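**Student:** Take this structure first; my questions come after.
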Amino acid sequence: MGEGRRVRVTGAASGIGAQDVACADGPVAFHHSQAWQALARHPALDWGRTLFAPDSERLSRTARIAALCRALADEVETTLSQGLFPLVIGGDHSVAVGTWSGVARGLGQPLGLLWIDAHLDSHTPESSYSGAVHGMPLACLLGQGDRRLVSIGLPGGQLSPRHCVVLGARSYEPEEIDFLSRQGVRIFDGEEIARRGFAACLDEAAGIVASAPAGFGVSLDLDAIDPRFAPGVGSPEPDGLPAADVRTAWRWLAGLPGLRALEIVEYNPDRDRHGMTAQLIADLIGETVAG
């Protein structure tokens with residue numbers, strides 16, 4: 001992370017993009033957890049603000065998500081402008097629209113992104129089976145989706161598609177594959193990782209995202225990890241990545257030049273067991289500071 005680099009954590013407390021709204025409680029629950037309290041005195045780490053979607057019955061779900069994402073983008077851009085390193089804790093994955101729109105706006109150009117997730121999150125309103133916005137943020141960041149979500153940062157896309165990678169996907173629809181393939185986004189699914197090994201896939205993925213001229217970010221949906229190690233997630237999928245592999249990857253990624261921000265999303269405290277998932281988040285934050 002570089003000597004003297006300070007990390008500011010921002011909570012993005014939204015569950016309205018998901019079918020299970022309990023992810024809205026994730027940032028506050030983690031902020032109050034023993035796992036966070038053990039980290040909180042670190043001199044290079046502070047918790048800035050926790051942002052909430054407007055609680056208004058007059059606004060549609062998408063309008064409320066867009067309002068939160070606009071506020072989050074402003075917060076992330078401000079964090080960067082102050083020379084601090086942004087780390088966002090969500091909330092359902094729709095908050096990624098705010099995180100990476102803010103980073104792109106702060107950089108003034110699209111960036112690369114490593115999207116570590118069990119899902120592709122690349123539906124549009126037209127292709128979505130569920131209508132849940134947490135299944136759409138990567139498409140939005142690539143410039144496709146509801147107009148309220150696609151230009152919060154730069155006009156159009158916030159990401160450079162040829163510097164974007166999805167790692168760990170194992171549950172998705174053909175429409176998402178078609179969309180990302182047309183965009184030129186590289187996908188390392190569970191089958192390829194099993195065949196080639198996680199380290200080889202991570203090395204190739206990092207090479208793609210880190211070559212983006214403006215720098216890159218990492219968005220981790222905790223459901224990428226096997227639910228045996230991270231049960232507290234919004235949409236658990238079996239046969240995920242080992243937590244130890246993700247921790248090792250995080251430590252390495254946190255030390256790479258060009259890393260601009262990090263994001264950890266879909267923490268659902270209602271499904272956590274014995275604080276396992278909260279402790280994993282804390283471990284990853286610890287790796288961020290140590291990196």
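Every chain in the structure tokens has a letter given in the order shown (A, B, ...), and although residue numbers restart at 1 in each chain, ligands are simply numbered from 1 in the order shown.
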Env of range 268-281 of chain A: 9 Å cut, atoms = only C-alpha atoms, seq-sep filter 4 positions within chain, self excluded. Answer as a list in words.

**Tutor:**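 Near range 268-281 of chain A, the qualifying residues are Asp20, Val21, Ala22, Cys23, Ala24, Asp25, Gly26, Ala29, Phe30, Ser33, Gln34, Ala35, Trp36, Ile89, Gly91, Asp92, Leu222, Phe229, Ala230, Pro231, Gly232, Val233, Gly234, Ala243, Arg247, Ile264, Ile285 and Gly286 of chain A.
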
**Student:** Only N, CA, C and O atoms, please: the residues just picked out, written as an mmCIF file, in the first residue's frame.

**Tutor:**
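Result saved to part_4.cif:
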data_model
loop_
_atom_site.group_PDB
_atom_site.id
_atom_site.type_symbol
_atom_site.label_atom_id
_atom_site.label_comp_id
_atom_site.auth_asym_id
_atom_site.auth_seq_id
_atom_site.Cartn_x
_atom_site.Cartn_y
_atom_site.Cartn_z
ATOM 1 N N ASP A 20 -32.807 -10.934 -0.535
ATOM 2 C CA ASP A 20 -32.703 -10.990 0.923
ATOM 3 C C ASP A 20 -32.154 -9.642 1.396
ATOM 4 O O ASP A 20 -30.985 -9.327 1.198
ATOM 5 N N VAL A 21 -33.004 -8.844 2.038
ATOM 6 C CA VAL A 21 -32.624 -7.469 2.367
ATOM 7 C C VAL A 21 -31.682 -7.378 3.568
ATOM 8 O O VAL A 21 -31.210 -6.291 3.906
ATOM 9 N N ALA A 22 -31.364 -8.513 4.221
ATOM 10 C CA ALA A 22 -30.570 -8.467 5.448
ATOM 11 C C ALA A 22 -29.137 -7.998 5.220
ATOM 12 O O ALA A 22 -28.457 -7.620 6.183
ATOM 13 N N CYS A 23 -28.665 -7.976 3.967
ATOM 14 C CA CYS A 23 -27.334 -7.424 3.700
ATOM 15 C C CYS A 23 -27.257 -5.944 4.076
ATOM 16 O O CYS A 23 -26.162 -5.416 4.279
ATOM 17 N N ALA A 24 -28.425 -5.284 4.162
ATOM 18 C CA ALA A 24 -28.428 -3.887 4.595
ATOM 19 C C ALA A 24 -27.824 -3.732 5.981
ATOM 20 O O ALA A 24 -27.280 -2.680 6.326
ATOM 21 N N ASP A 25 -27.926 -4.777 6.801
ATOM 22 C CA ASP A 25 -27.411 -4.724 8.168
ATOM 23 C C ASP A 25 -25.919 -5.021 8.243
ATOM 24 O O ASP A 25 -25.309 -4.863 9.306
ATOM 25 N N GLY A 26 -25.335 -5.464 7.132
ATOM 26 C CA GLY A 26 -23.948 -5.926 7.154
ATOM 27 C C GLY A 26 -22.932 -4.908 7.638
ATOM 28 O O GLY A 26 -22.159 -5.191 8.564
ATOM 29 N N ALA A 29 -23.446 -4.045 11.412
ATOM 30 C CA ALA A 29 -23.132 -5.208 12.238
ATOM 31 C C ALA A 29 -21.626 -5.447 12.290
ATOM 32 O O ALA A 29 -21.064 -5.746 13.361
ATOM 33 N N PHE A 30 -20.956 -5.304 11.152
ATOM 34 C CA PHE A 30 -19.505 -5.503 11.151
ATOM 35 C C PHE A 30 -18.814 -4.402 11.954
ATOM 36 O O PHE A 30 -17.878 -4.675 12.724
ATOM 37 N N SER A 33 -18.817 -5.268 15.450
ATOM 38 C CA SER A 33 -18.348 -6.620 15.772
ATOM 39 C C SER A 33 -17.026 -6.586 16.528
ATOM 40 O O SER A 33 -16.247 -5.632 16.448
ATOM 41 N N GLN A 34 -16.788 -7.673 17.260
ATOM 42 C CA GLN A 34 -15.493 -7.819 17.936
ATOM 43 C C GLN A 34 -14.359 -7.858 16.928
ATOM 44 O O GLN A 34 -13.258 -7.364 17.200
ATOM 45 N N ALA A 35 -14.629 -8.424 15.768
ATOM 46 C CA ALA A 35 -13.596 -8.526 14.735
ATOM 47 C C ALA A 35 -13.099 -7.140 14.322
ATOM 48 O O ALA A 35 -11.890 -6.919 14.175
ATOM 49 N N TRP A 36 -14.036 -6.192 14.125
ATOM 50 C CA TRP A 36 -13.621 -4.833 13.765
ATOM 51 C C TRP A 36 -12.950 -4.142 14.954
ATOM 52 O O TRP A 36 -11.937 -3.454 14.792
ATOM 53 N N ILE A 89 -17.350 -1.325 2.474
ATOM 54 C CA ILE A 89 -17.975 -2.530 3.014
ATOM 55 C C ILE A 89 -19.473 -2.453 2.742
ATOM 56 O O ILE A 89 -20.145 -1.519 3.185
ATOM 57 N N GLY A 91 -23.368 -4.548 2.495
ATOM 58 C CA GLY A 91 -24.345 -4.085 1.562
ATOM 59 C C GLY A 91 -24.364 -5.031 0.373
ATOM 60 O O GLY A 91 -23.451 -5.801 0.084
ATOM 61 N N ASP A 92 -25.521 -5.042 -0.308
ATOM 62 C CA ASP A 92 -25.619 -5.886 -1.506
ATOM 63 C C ASP A 92 -24.756 -5.302 -2.617
ATOM 64 O O ASP A 92 -24.338 -4.142 -2.567
ATOM 65 N N LEU A 222 -18.524 -11.735 -1.111
ATOM 66 C CA LEU A 222 -18.150 -12.819 -0.200
ATOM 67 C C LEU A 222 -18.712 -14.171 -0.614
ATOM 68 O O LEU A 222 -18.210 -15.213 -0.165
ATOM 69 N N PHE A 229 -16.659 -21.580 4.786
ATOM 70 C CA PHE A 229 -15.728 -20.622 5.383
ATOM 71 C C PHE A 229 -16.358 -19.245 5.559
ATOM 72 O O PHE A 229 -15.890 -18.456 6.374
ATOM 73 N N ALA A 230 -17.383 -18.933 4.752
ATOM 74 C CA ALA A 230 -18.042 -17.621 4.809
ATOM 75 C C ALA A 230 -19.547 -17.829 4.683
ATOM 76 O O ALA A 230 -20.135 -17.582 3.623
ATOM 77 N N PRO A 231 -20.190 -18.286 5.754
ATOM 78 C CA PRO A 231 -21.633 -18.553 5.662
ATOM 79 C C PRO A 231 -22.495 -17.296 5.629
ATOM 80 O O PRO A 231 -23.632 -17.345 5.161
ATOM 81 N N GLY A 232 -21.957 -16.169 6.124
ATOM 82 C CA GLY A 232 -22.773 -14.966 6.259
ATOM 83 C C GLY A 232 -22.818 -14.138 5.000
ATOM 84 O O GLY A 232 -22.288 -13.016 4.944
ATOM 85 N N VAL A 233 -23.466 -14.679 3.969
ATOM 86 C CA VAL A 233 -23.568 -13.975 2.683
ATOM 87 C C VAL A 233 -25.013 -13.977 2.209
ATOM 88 O O VAL A 233 -25.827 -14.801 2.642
ATOM 89 N N GLY A 234 -25.322 -13.052 1.287
ATOM 90 C CA GLY A 234 -26.691 -12.913 0.824
ATOM 91 C C GLY A 234 -27.162 -14.044 -0.062
ATOM 92 O O GLY A 234 -28.315 -14.475 0.030
ATOM 93 N N ALA A 243 -11.209 -19.938 1.695
ATOM 94 C CA ALA A 243 -10.923 -18.641 2.301
ATOM 95 C C ALA A 243 -9.426 -18.361 2.332
ATOM 96 O O ALA A 243 -9.000 -17.214 2.146
ATOM 97 N N ARG A 247 -7.556 -14.978 0.996
ATOM 98 C CA ARG A 247 -6.701 -14.148 1.859
ATOM 99 C C ARG A 247 -5.313 -13.951 1.247
ATOM 100 O O ARG A 247 -4.774 -12.842 1.239
ATOM 101 N N ILE A 264 -15.650 -4.948 -0.351
ATOM 102 C CA ILE A 264 -16.105 -6.246 0.150
ATOM 103 C C ILE A 264 -17.604 -6.133 0.380
ATOM 104 O O ILE A 264 -18.050 -5.287 1.162
ATOM 105 N N ILE A 285 -9.229 -6.871 5.779
ATOM 106 C CA ILE A 285 -8.865 -5.475 6.043
ATOM 107 C C ILE A 285 -7.452 -5.404 6.610
ATOM 108 O O ILE A 285 -6.652 -4.531 6.247
ATOM 109 N N GLY A 286 -7.122 -6.354 7.494
ATOM 110 C CA GLY A 286 -5.775 -6.410 8.025
ATOM 111 C C GLY A 286 -4.736 -6.614 6.933
ATOM 112 O O GLY A 286 -3.659 -5.981 6.948
#

**Student:** Could you give me, as a CSV table (one decimal) with C-alpha atoms, in the first residue's frame, the residues within 8 Å of Ser235 in chain A, counting only C-alpha atoms and dropping anything in the same chain fewer than 2 positions from it?

**Tutor:**
chain,number,residue,atom,x,y,z
A,223,ASP,CA,-20.2,-15.5,-1.9
A,233,VAL,CA,-23.6,-14.0,2.7
A,237,GLU,CA,-23.4,-21.0,-3.6
A,266,GLU,CA,-22.9,-9.0,0.5

**Student:** Can you work out which one of A:Tyr172, A:Phe188, A:Trp100, A:Phe216 has the shortest atom-to-atom distance to Leu138 in chain A, counting only C-alpha atoms?

**Tutor:**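 Of all the options, A:Trp100 lies closest to Leu138 in chain A.
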
**Student:** Write out as a PDB file with N, CA, C and O atoms, in the first residue's frame which residues come within 10 Å of range 190-203 of chain A when counting only C-alpha atoms, dropping same-chain ones fewer than 6 positions away.

**Tutor:**
ATOM      1  N   LEU A 114     -11.069  -6.183 -10.998  1.00  0.00           N
ATOM      2  CA  LEU A 114     -11.137  -7.620 -10.735  1.00  0.00           C
ATOM      3  C   LEU A 114     -12.379  -7.867  -9.895  1.00  0.00           C
ATOM      4  O   LEU A 114     -12.479  -7.390  -8.763  1.00  0.00           O
ATOM      5  N   ALA A 118     -19.253 -15.337  -7.120  1.00  0.00           N
ATOM      6  CA  ALA A 118     -19.882 -16.569  -7.605  1.00  0.00           C
ATOM      7  C   ALA A 118     -20.785 -16.313  -8.797  1.00  0.00           C
ATOM      8  O   ALA A 118     -21.139 -17.246  -9.525  1.00  0.00           O
ATOM      9  N   VAL A 165     -11.958  -8.399 -15.304  1.00  0.00           N
ATOM     10  CA  VAL A 165     -11.932  -9.848 -15.159  1.00  0.00           C
ATOM     11  C   VAL A 165     -12.941 -10.256 -14.088  1.00  0.00           C
ATOM     12  O   VAL A 165     -13.031  -9.614 -13.038  1.00  0.00           O
ATOM     13  N   LEU A 167     -13.617 -13.441 -11.620  1.00  0.00           N
ATOM     14  CA  LEU A 167     -12.892 -14.593 -11.098  1.00  0.00           C
ATOM     15  C   LEU A 167     -13.786 -15.348 -10.120  1.00  0.00           C
ATOM     16  O   LEU A 167     -14.303 -14.761  -9.169  1.00  0.00           O
ATOM     17  N   GLY A 168     -13.993 -16.645 -10.381  1.00  0.00           N
ATOM     18  CA  GLY A 168     -14.701 -17.490  -9.424  1.00  0.00           C
ATOM     19  C   GLY A 168     -16.168 -17.732  -9.715  1.00  0.00           C
ATOM     20  O   GLY A 168     -16.860 -18.324  -8.892  1.00  0.00           O
ATOM     21  N   ALA A 169     -16.660 -17.283 -10.881  1.00  0.00           N
ATOM     22  CA  ALA A 169     -18.095 -17.424 -11.180  1.00  0.00           C
ATOM     23  C   ALA A 169     -18.479 -18.898 -11.307  1.00  0.00           C
ATOM     24  O   ALA A 169     -17.776 -19.691 -11.931  1.00  0.00           O
ATOM     25  N   ARG A 170     -19.622 -19.248 -10.707  1.00  0.00           N
ATOM     26  CA  ARG A 170     -20.102 -20.631 -10.809  1.00  0.00           C
ATOM     27  C   ARG A 170     -21.622 -20.715 -10.869  1.00  0.00           C
ATOM     28  O   ARG A 170     -22.186 -21.817 -10.862  1.00  0.00           O
ATOM     29  N   SER A 171     -22.315 -19.587 -10.958  1.00  0.00           N
ATOM     30  CA  SER A 171     -23.771 -19.576 -11.094  1.00  0.00           C
ATOM     31  C   SER A 171     -24.163 -18.352 -11.907  1.00  0.00           C
ATOM     32  O   SER A 171     -24.014 -17.214 -11.436  1.00  0.00           O
ATOM     33  N   ALA A 224     -18.239 -15.528  -3.335  1.00  0.00           N
ATOM     34  CA  ALA A 224     -17.206 -16.221  -4.120  1.00  0.00           C
ATOM     35  C   ALA A 224     -16.534 -17.305  -3.288  1.00  0.00           C
ATOM     36  O   ALA A 224     -16.053 -18.305  -3.813  1.00  0.00           O
ATOM     37  N   ASP A 239     -19.405 -25.011  -3.231  1.00  0.00           N
ATOM     38  CA  ASP A 239     -18.187 -25.288  -4.010  1.00  0.00           C
ATOM     39  C   ASP A 239     -17.445 -24.020  -4.412  1.00  0.00           C
ATOM     40  O   ASP A 239     -16.978 -23.891  -5.548  1.00  0.00           O
ATOM     41  N   GLY A 240     -17.311 -23.109  -3.470  1.00  0.00           N
ATOM     42  CA  GLY A 240     -16.614 -21.858  -3.759  1.00  0.00           C
ATOM     43  C   GLY A 240     -15.134 -21.916  -3.465  1.00  0.00           C
ATOM     44  O   GLY A 240     -14.549 -22.974  -3.210  1.00  0.00           O
ATOM     45  N   LEU A 241     -14.500 -20.752  -3.485  1.00  0.00           N
ATOM     46  CA  LEU A 241     -13.063 -20.644  -3.268  1.00  0.00           C
ATOM     47  C   LEU A 241     -12.727 -20.855  -1.789  1.00  0.00           C
ATOM     48  O   LEU A 241     -13.479 -20.424  -0.913  1.00  0.00           O
ATOM     49  N   PRO A 242     -11.604 -21.492  -1.491  1.00  0.00           N
ATOM     50  CA  PRO A 242     -11.168 -21.576  -0.099  1.00  0.00           C
ATOM     51  C   PRO A 242     -10.823 -20.193   0.449  1.00  0.00           C
ATOM     52  O   PRO A 242     -10.207 -19.373  -0.246  1.00  0.00           O
ATOM     53  N   ASP A 245      -7.153 -19.189   0.173  1.00  0.00           N
ATOM     54  CA  ASP A 245      -6.720 -18.708  -1.147  1.00  0.00           C
ATOM     55  C   ASP A 245      -7.086 -17.246  -1.337  1.00  0.00           C
ATOM     56  O   ASP A 245      -6.299 -16.460  -1.894  1.00  0.00           O
ATOM     57  N   VAL A 246      -8.282 -16.878  -0.908  1.00  0.00           N
ATOM     58  CA  VAL A 246      -8.713 -15.486  -1.072  1.00  0.00           C
ATOM     59  C   VAL A 246      -7.870 -14.555  -0.211  1.00  0.00           C
ATOM     60  O   VAL A 246      -7.469 -13.465  -0.648  1.00  0.00           O
ATOM     61  N   THR A 248      -4.751 -15.028   0.731  1.00  0.00           N
ATOM     62  CA  THR A 248      -3.433 -14.936   0.106  1.00  0.00           C
ATOM     63  C   THR A 248      -3.477 -14.010  -1.109  1.00  0.00           C
ATOM     64  O   THR A 248      -2.583 -13.169  -1.309  1.00  0.00           O
ATOM     65  N   ALA A 249      -4.533 -14.160  -1.914  1.00  0.00           N
ATOM     66  CA  ALA A 249      -4.698 -13.300  -3.084  1.00  0.00           C
ATOM     67  C   ALA A 249      -4.834 -11.843  -2.677  1.00  0.00           C
ATOM     68  O   ALA A 249      -4.233 -10.949  -3.286  1.00  0.00           O
ATOM     69  N   LEU A 253      -2.618  -8.754  -3.905  1.00  0.00           N
ATOM     70  CA  LEU A 253      -3.234  -7.667  -4.663  1.00  0.00           C
ATOM     71  C   LEU A 253      -3.069  -6.326  -3.964  1.00  0.00           C
ATOM     72  O   LEU A 253      -2.860  -5.292  -4.604  1.00  0.00           O
TER      73      LEU A 253
END

**Student:** For range 154-163 of chain A, find every residue with an atom within 7 Å (counting only C-alpha atoms), except residues of its own chain fewer than 4 positions away, and show them as a ChimeraX atom specification.

**Tutor:** /A:100-101,104-105,110-113,141-143,150,183-185,208-209,211-212

**Student:** Let's see if you can do this: from backbone DSSP, list all strand (DSSP E or B) residues in range 77-235 of chain A, as a PyMOL selection string.

**Tutor:** chain A and resi 85-90+111-116+159-169+186-189+216-221+225+233

**Student:** For the structure I just gave you, how does DSSP split range 61-255 of chain A - specifically, which residues are helix (DSSP H, G or I)? Reply as a VMD selection string.

**Tutor:** chain A and resid 61 to 81 93 to 107 133 to 135 137 to 141 147 to 150 174 to 183 190 to 196 198 to 210 222 to 224 243 to 254

**Student:** From the set A:His134, A:Arg6, A:His42, A:Arg182, which residue has the shortest atom-to-atom contact distance to Ala18 in chain A, counting only C-alpha atoms?

**Tutor:**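 Going through A:His134, A:Arg6, A:His42, A:Arg182 one by one, the smallest distance to Ala18 in chain A is for A:His134.
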
**Student:** Which residue gives the smallest distance to Val166 in chain A among A:His93, A:Arg148, A:Arg186, A:Arg251, with only C-alpha atoms counted?

**Tutor:**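 Comparing A:His93, A:Arg148, A:Arg186, A:Arg251 against Val166 in chain A, the winner is A:Arg186.
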